[in-house]
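**Student:** Pasting final-v1.csv below, which is CSV, C-alpha atoms.
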chain,number,residue,atom,x,y,z
A,1,MET,CA,0.0,0.0,0.0
A,2,ASP,CA,1.2,3.5,-0.8
A,3,LYS,CA,0.7,5.3,2.5
A,4,ARG,CA,1.2,8.6,0.8
A,5,ALA,CA,-2.4,8.3,-0.4
A,6,MET,CA,-3.6,9.1,3.1
A,7,TYR,CA,-1.9,12.6,2.8
A,8,THR,CA,-4.3,13.5,-0.1
A,9,ILE,CA,-7.2,13.7,2.4
A,10,SER,CA,-7.8,17.3,3.4
A,11,TYR,CA,-7.5,18.1,7.1
A,12,GLY,CA,-7.9,21.3,9.1
A,13,LEU,CA,-5.6,22.1,12.1
A,14,PHE,CA,-6.9,23.1,15.5
A,15,VAL,CA,-5.7,23.8,19.0
A,16,LEU,CA,-7.8,21.7,21.4
A,17,THR,CA,-7.9,23.1,25.0
A,18,THR,CA,-9.4,21.6,28.2
A,19,LYS,CA,-9.2,22.5,31.9
A,20,LEU,CA,-9.0,20.6,35.1
A,21,GLY,CA,-9.0,22.7,38.3
A,22,ASP,CA,-6.8,25.7,37.8
A,23,ARG,CA,-4.6,24.2,35.0
A,24,SER,CA,-5.5,24.2,31.3
A,25,GLN,CA,-4.1,21.8,28.7
A,26,GLY,CA,-3.8,22.2,25.0
A,27,CYS,CA,-2.6,20.2,22.0
A,28,ILE,CA,-2.8,20.3,18.2
A,29,ILE,CA,-5.4,18.1,16.5
A,30,ASN,CA,-6.2,17.6,12.8
A,31,THR,CA,-9.6,15.9,13.0
A,32,ALA,CA,-12.6,18.1,13.9
A,33,MET,CA,-15.8,18.2,11.9
A,34,GLN,CA,-19.5,19.0,12.2
A,35,VAL,CA,-21.6,15.8,12.0
A,36,THR,CA,-25.2,17.2,12.6
A,37,THR,CA,-26.8,20.6,12.6
A,38,ASN,CA,-29.9,19.7,14.7
A,39,PRO,CA,-28.7,19.0,17.3
A,40,ASN,CA,-25.5,20.9,16.6
A,41,ARG,CA,-22.8,18.3,17.1
A,42,ILE,CA,-19.1,17.8,16.2
A,43,THR,CA,-16.5,15.1,16.5
A,44,ILE,CA,-12.9,15.5,17.4
A,45,THR,CA,-10.2,12.8,17.5
A,46,VAL,CA,-7.3,12.9,20.0
A,47,ASN,CA,-4.2,10.8,20.4
A,48,LYS,CA,-4.3,8.9,23.7
A,49,MET,CA,-0.6,9.9,24.3
A,50,ASN,CA,-1.7,13.5,24.9
A,51,LEU,CA,-2.3,14.7,28.4
A,52,THR,CA,-5.1,16.8,26.9
A,53,HIS,CA,-6.8,13.5,26.0
A,54,ASP,CA,-6.8,12.3,29.6
A,55,VAL,CA,-8.1,15.6,30.9
A,56,LEU,CA,-10.9,15.6,28.3
A,57,MET,CA,-11.9,12.1,29.2
A,58,TYR,CA,-12.5,13.3,32.8
A,59,THR,CA,-14.0,16.8,32.3
A,60,LYS,CA,-15.9,16.3,29.0
A,61,LYS,CA,-15.6,20.0,28.2
A,62,PHE,CA,-13.3,21.6,25.6
A,63,ASN,CA,-12.7,24.4,23.1
A,64,ILE,CA,-11.2,24.0,19.7
A,65,SER,CA,-9.4,27.1,18.2
A,66,VAL,CA,-9.6,26.9,14.4
A,67,LEU,CA,-6.2,27.8,13.1
A,68,SER,CA,-6.0,30.2,10.2
A,69,GLU,CA,-3.4,30.8,7.4
A,70,SER,CA,-1.9,33.6,9.5
A,71,ALA,CA,-0.8,31.1,12.2
A,72,ASN,CA,3.0,30.9,12.5
A,73,PHE,CA,5.1,27.9,13.3
A,74,ASP,CA,5.4,29.0,17.0
A,75,VAL,CA,1.8,27.9,17.5
A,76,PHE,CA,2.5,24.4,16.2
A,77,ARG,CA,5.8,24.1,18.0
A,78,HIS,CA,4.3,25.2,21.3
A,79,PHE,CA,1.1,23.1,21.2
A,80,GLY,CA,2.3,20.2,19.1
A,81,PHE,CA,5.9,19.5,19.8
A,82,GLN,CA,6.0,19.4,23.6
A,83,SER,CA,4.0,17.7,26.3
A,84,GLY,CA,1.7,19.2,28.9
A,85,ARG,CA,3.4,16.8,31.3
A,86,ASP,CA,6.6,18.8,31.0
A,87,ILE,CA,5.3,22.4,30.6
A,88,ASP,CA,2.2,24.3,31.5
A,89,LYS,CA,1.5,25.4,27.9
A,90,LEU,CA,-1.4,27.8,28.5
A,91,ALA,CA,0.3,29.5,31.5
A,92,VAL,CA,3.1,30.8,29.3
A,93,TRP,CA,0.9,31.5,26.2
A,94,SER,CA,-0.3,35.1,26.3
A,95,ASP,CA,-2.5,35.2,23.2
A,96,LYS,CA,-5.6,33.6,24.7
A,97,ALA,CA,-9.0,34.4,26.2
A,98,ASP,CA,-11.6,32.5,28.2
A,99,ALA,CA,-14.8,31.2,26.6
A,100,SER,CA,-18.1,31.0,28.5
A,101,ASN,CA,-17.1,27.5,29.7
A,102,GLY,CA,-14.1,28.9,31.5
A,103,ILE,CA,-11.6,27.2,29.2
A,104,PRO,CA,-9.2,29.3,27.2
A,105,TYR,CA,-9.1,29.5,23.5
A,106,ILE,CA,-6.2,30.8,21.3
A,107,THR,CA,-6.6,34.3,19.9
A,108,MET,CA,-3.4,34.5,17.7
A,109,GLY,CA,-3.5,32.8,14.2
A,110,THR,CA,-7.1,31.7,14.7
A,111,ASN,CA,-10.4,32.5,12.9
A,112,ALA,CA,-12.9,31.0,15.3
A,113,TYR,CA,-13.4,29.0,18.4
A,114,ILE,CA,-16.0,26.3,19.1
A,115,SER,CA,-16.9,25.1,22.6
A,116,GLY,CA,-18.2,21.5,23.1
A,117,GLU,CA,-19.4,19.1,25.7
A,118,VAL,CA,-18.7,15.4,25.2
A,119,ILE,CA,-21.8,13.1,25.0
A,120,ASP,CA,-20.1,9.9,23.7
A,121,THR,CA,-16.7,8.4,23.0
A,122,ILE,CA,-15.4,5.8,20.5
A,123,ASP,CA,-12.2,3.9,21.1
A,124,LEU,CA,-10.1,3.9,17.9
A,125,GLY,CA,-7.0,2.2,19.2
A,126,THR,CA,-4.3,4.9,19.3
A,127,HIS,CA,-7.0,7.7,19.4
A,128,THR,CA,-10.3,8.4,20.9
A,129,MET,CA,-13.1,10.0,19.0
A,130,PHE,CA,-15.2,12.4,21.1
A,131,VAL,CA,-18.8,13.2,20.0
A,132,ALA,CA,-19.9,16.5,21.5
A,133,ASP,CA,-22.7,19.0,21.6
A,134,VAL,CA,-21.7,22.5,20.5
A,135,THR,CA,-22.3,24.8,23.4
A,136,ASP,CA,-20.7,28.1,22.1
A,137,GLY,CA,-18.7,29.5,19.3
A,138,LYS,CA,-17.5,32.8,17.8
A,139,VAL,CA,-15.9,33.9,14.5
A,140,LEU,CA,-12.7,35.9,15.2
A,141,SER,CA,-11.6,36.8,11.7
A,142,ASP,CA,-12.3,36.2,8.0
A,143,GLU,CA,-8.9,34.6,7.3
A,144,PRO,CA,-9.1,31.2,5.6
A,145,SER,CA,-8.7,28.2,7.8
A,146,VAL,CA,-5.3,26.5,7.5
A,147,THR,CA,-5.3,23.0,6.0
A,148,TYR,CA,-2.7,20.4,6.6
A,149,ALA,CA,-1.5,20.8,3.0
A,150,TYR,CA,-1.1,24.6,3.5
A,151,TYR,CA,0.8,24.0,6.8
A,152,GLN,CA,3.2,21.6,5.0
A,153,ALA,CA,3.8,24.0,2.1
A,154,ASN,CA,3.8,27.4,3.8
A,155,ILE,CA,4.2,27.2,7.6
A,156,LYS,CA,6.4,24.2,8.5
A,157,PRO,CA,10.1,24.9,8.2
A,158,LYS,CA,11.8,22.9,5.5
A,159,PRO,CA,14.1,20.2,7.0
A,160,ALA,CA,17.8,21.1,6.9
A,161,GLU,CA,19.8,18.9,4.7
A,162,THR,CA,21.6,16.3,6.8
A,163,LYS,CA,24.3,13.9,5.7
A,164,VAL,CA,22.8,10.7,6.8
A,165,LYS,CA,23.9,7.4,5.2
A,166,SER,CA,20.5,5.9,5.6
A,167,GLY,CA,17.4,6.5,7.7
A,168,TYR,CA,13.8,7.8,7.8
A,169,ARG,CA,12.4,11.3,8.2
A,170,CYS,CA,9.2,12.2,10.0
A,171,ARG,CA,6.9,13.9,7.5
A,172,ILE,CA,5.3,15.9,10.3
A,173,CYS,CA,8.2,17.6,12.0
A,174,GLY,CA,11.4,16.6,10.1
A,175,TYR,CA,13.0,14.4,12.8
A,176,VAL,CA,15.5,11.9,11.3
A,177,TYR,CA,15.8,8.3,12.6
A,178,GLU,CA,19.1,6.8,11.5
A,179,GLY,CA,19.1,3.2,10.6
A,180,GLU,CA,18.5,0.6,7.9
A,181,THR,CA,15.1,-0.5,9.3
A,182,LEU,CA,12.4,1.6,10.9
A,183,PRO,CA,11.0,0.0,14.0
A,184,GLU,CA,7.3,-0.8,13.5
A,185,ASP,CA,6.4,0.7,16.9
A,186,ILE,CA,8.5,3.9,16.6
A,187,VAL,CA,7.0,7.0,18.0
A,188,CYS,CA,8.6,10.3,16.9
A,189,PRO,CA,10.3,11.8,20.0
A,190,ILE,CA,9.3,15.3,18.8
A,191,CYS,CA,5.8,15.2,17.5
A,192,LYS,CA,4.6,11.7,18.7
A,193,HIS,CA,3.6,10.4,15.3
A,194,GLY,CA,4.1,6.7,14.4
A,195,ALA,CA,5.8,4.7,11.7
A,196,ALA,CA,3.2,5.6,9.1
A,197,ASP,CA,4.4,9.2,9.1
A,198,PHE,CA,8.0,8.4,8.3
A,199,GLU,CA,9.6,8.3,4.8
A,200,LYS,CA,12.8,6.7,3.7
A,201,ILE,CA,15.6,9.1,2.9
Can you turn what I pasted into structure tokens?
**Tutor:**
Amino acid sequence: MDKRAMYTISYGLFVLTTKLGDRSQGCIINTAMQVTTNPNRITITVNKMNLTHDVLMYTKKFNISVLSESANFDVFRHFGFQSGRDIDKLAVWSDKADASNGIPYITMGTNAYISGEVIDTIDLGTHTMFVADVTDGKVLSDEPSVTYAYYQANIKPKPAETKVKSGYRCRICGYVYEGETLPEDIVCPICKHGAADFEKI
């Protein structure tokens, strides 16, 4: 199978935020979509390795900030390439505001936010799909939403040329694994994606 076929599917990019007690969590997700209008419901899918996933399983409330084409790489690096287990991401991020549910949303490089309350979950193996009622939302700008393809072509820095005899490069963040064979259970140490997101170099 040519795994590159999966990259032809269009995705948006979002910052998912949740809150437990006084501490908020946030991570990048690429699967959010409206599934019904009456009732107004969306689904989001979150990797189980993210702390935000665990908090959302407990609290059932969240915001998604819809990233726009004006988002810079700092947003992706801050919310996508580090763990909330190591840093309080929202405490050190100044471009945010609280929605009516008390959870922050991102105000820089976003065109809207949507608040949701989980009504059901589906276990998808490495990820959980959350089905949620929409409880609030606001348009913040008229900028186009960023797609995964736009991110790859215009926002993500191009990987520096490295002199590697053989290895595999993560298509998401550019991390290089040196070796003749890529372990089937590899998880990128930077962006936490698996073997399917690596390419031979």
**Student:** Need the shell around A:Ile44: protein/DNA/RNA residues with any atom at most 6 Å away, counting only C-alpha atoms. Skip same-chain ones fewer than 3 positions apart. Format as a list in words?
**Tutor:** Thr31, Ala32, Met129 and Phe130 of chain A
**Student:** Out of A:Leu51, A:Ile155, A:Ala196, A:Ile42, which residue has the shortest atom-to-atom distance to A:Asp136 when counting all atoms listed in the file?
**Tutor:**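 Using all atoms listed in the file, A:Asp136 sits closest to A:Ile42.
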**Student:** Check the smallest atom-to-atom distance from each of A:Thr8, A:Thr126, A:Gln82, A:Ser65 to A:Gly109 using only C-alpha atoms, then report the winner.
**Tutor:**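 Ranking A:Thr8, A:Thr126, A:Gln82, A:Ser65 by distance to A:Gly109, first place goes to A:Ser65.
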**Student:** Can you list, as a PyMOL selection string, every protein, DNA or RNA residue that comes within 9 Å of A:Glu69 when you count only C-alpha atoms, leaving out same-chain residues fewer than 4 positions away?
**Tutor:** chain A and resi 109-110+143-147+150-151+154-155
**Student:** Within 6 Å of stretch 19-28 of chain A, counting all atoms listed in the file, which residues show up once you throw out same-chain ones fewer than 5 positions away? Write them as a list in words, please.
**Tutor:**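 Surrounding residues, per the criterion: Phe14, Thr52, Phe79, Gly80 and Ile103 of chain A.
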**Student:** Let's have the selection written as a PDB file, in the coordinates of the input, with C-alpha atoms.
**Tutor:**
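Okay, out_25.pdb is ready:
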ATOM      1  CA  PHE A  14      -6.900  23.100  15.500  1.00  0.00           C
ATOM      2  CA  THR A  52      -5.100  16.800  26.900  1.00  0.00           C
ATOM      3  CA  PHE A  79       1.100  23.100  21.200  1.00  0.00           C
ATOM      4  CA  GLY A  80       2.300  20.200  19.100  1.00  0.00           C
ATOM      5  CA  ILE A 103     -11.600  27.200  29.200  1.00  0.00           C
TER       6      ILE A 103
END
**Student:** Which polymer residues, protein or nucleic acid, are no farther than 8 Å from (7.2, 27.5, 12.7), counting all atoms listed in the file, as an MDAnalysis selection string?
**Tutor:** chainID A and resid 72:77 155:157
**Student:** A:Met49, A:Leu13, A:Met57, A:Met1: which is nearest A:Ile122, counting all atoms listed in the file?
**Tutor:**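 Among the listed residues, the smallest separation from A:Ile122 belongs to A:Met57.
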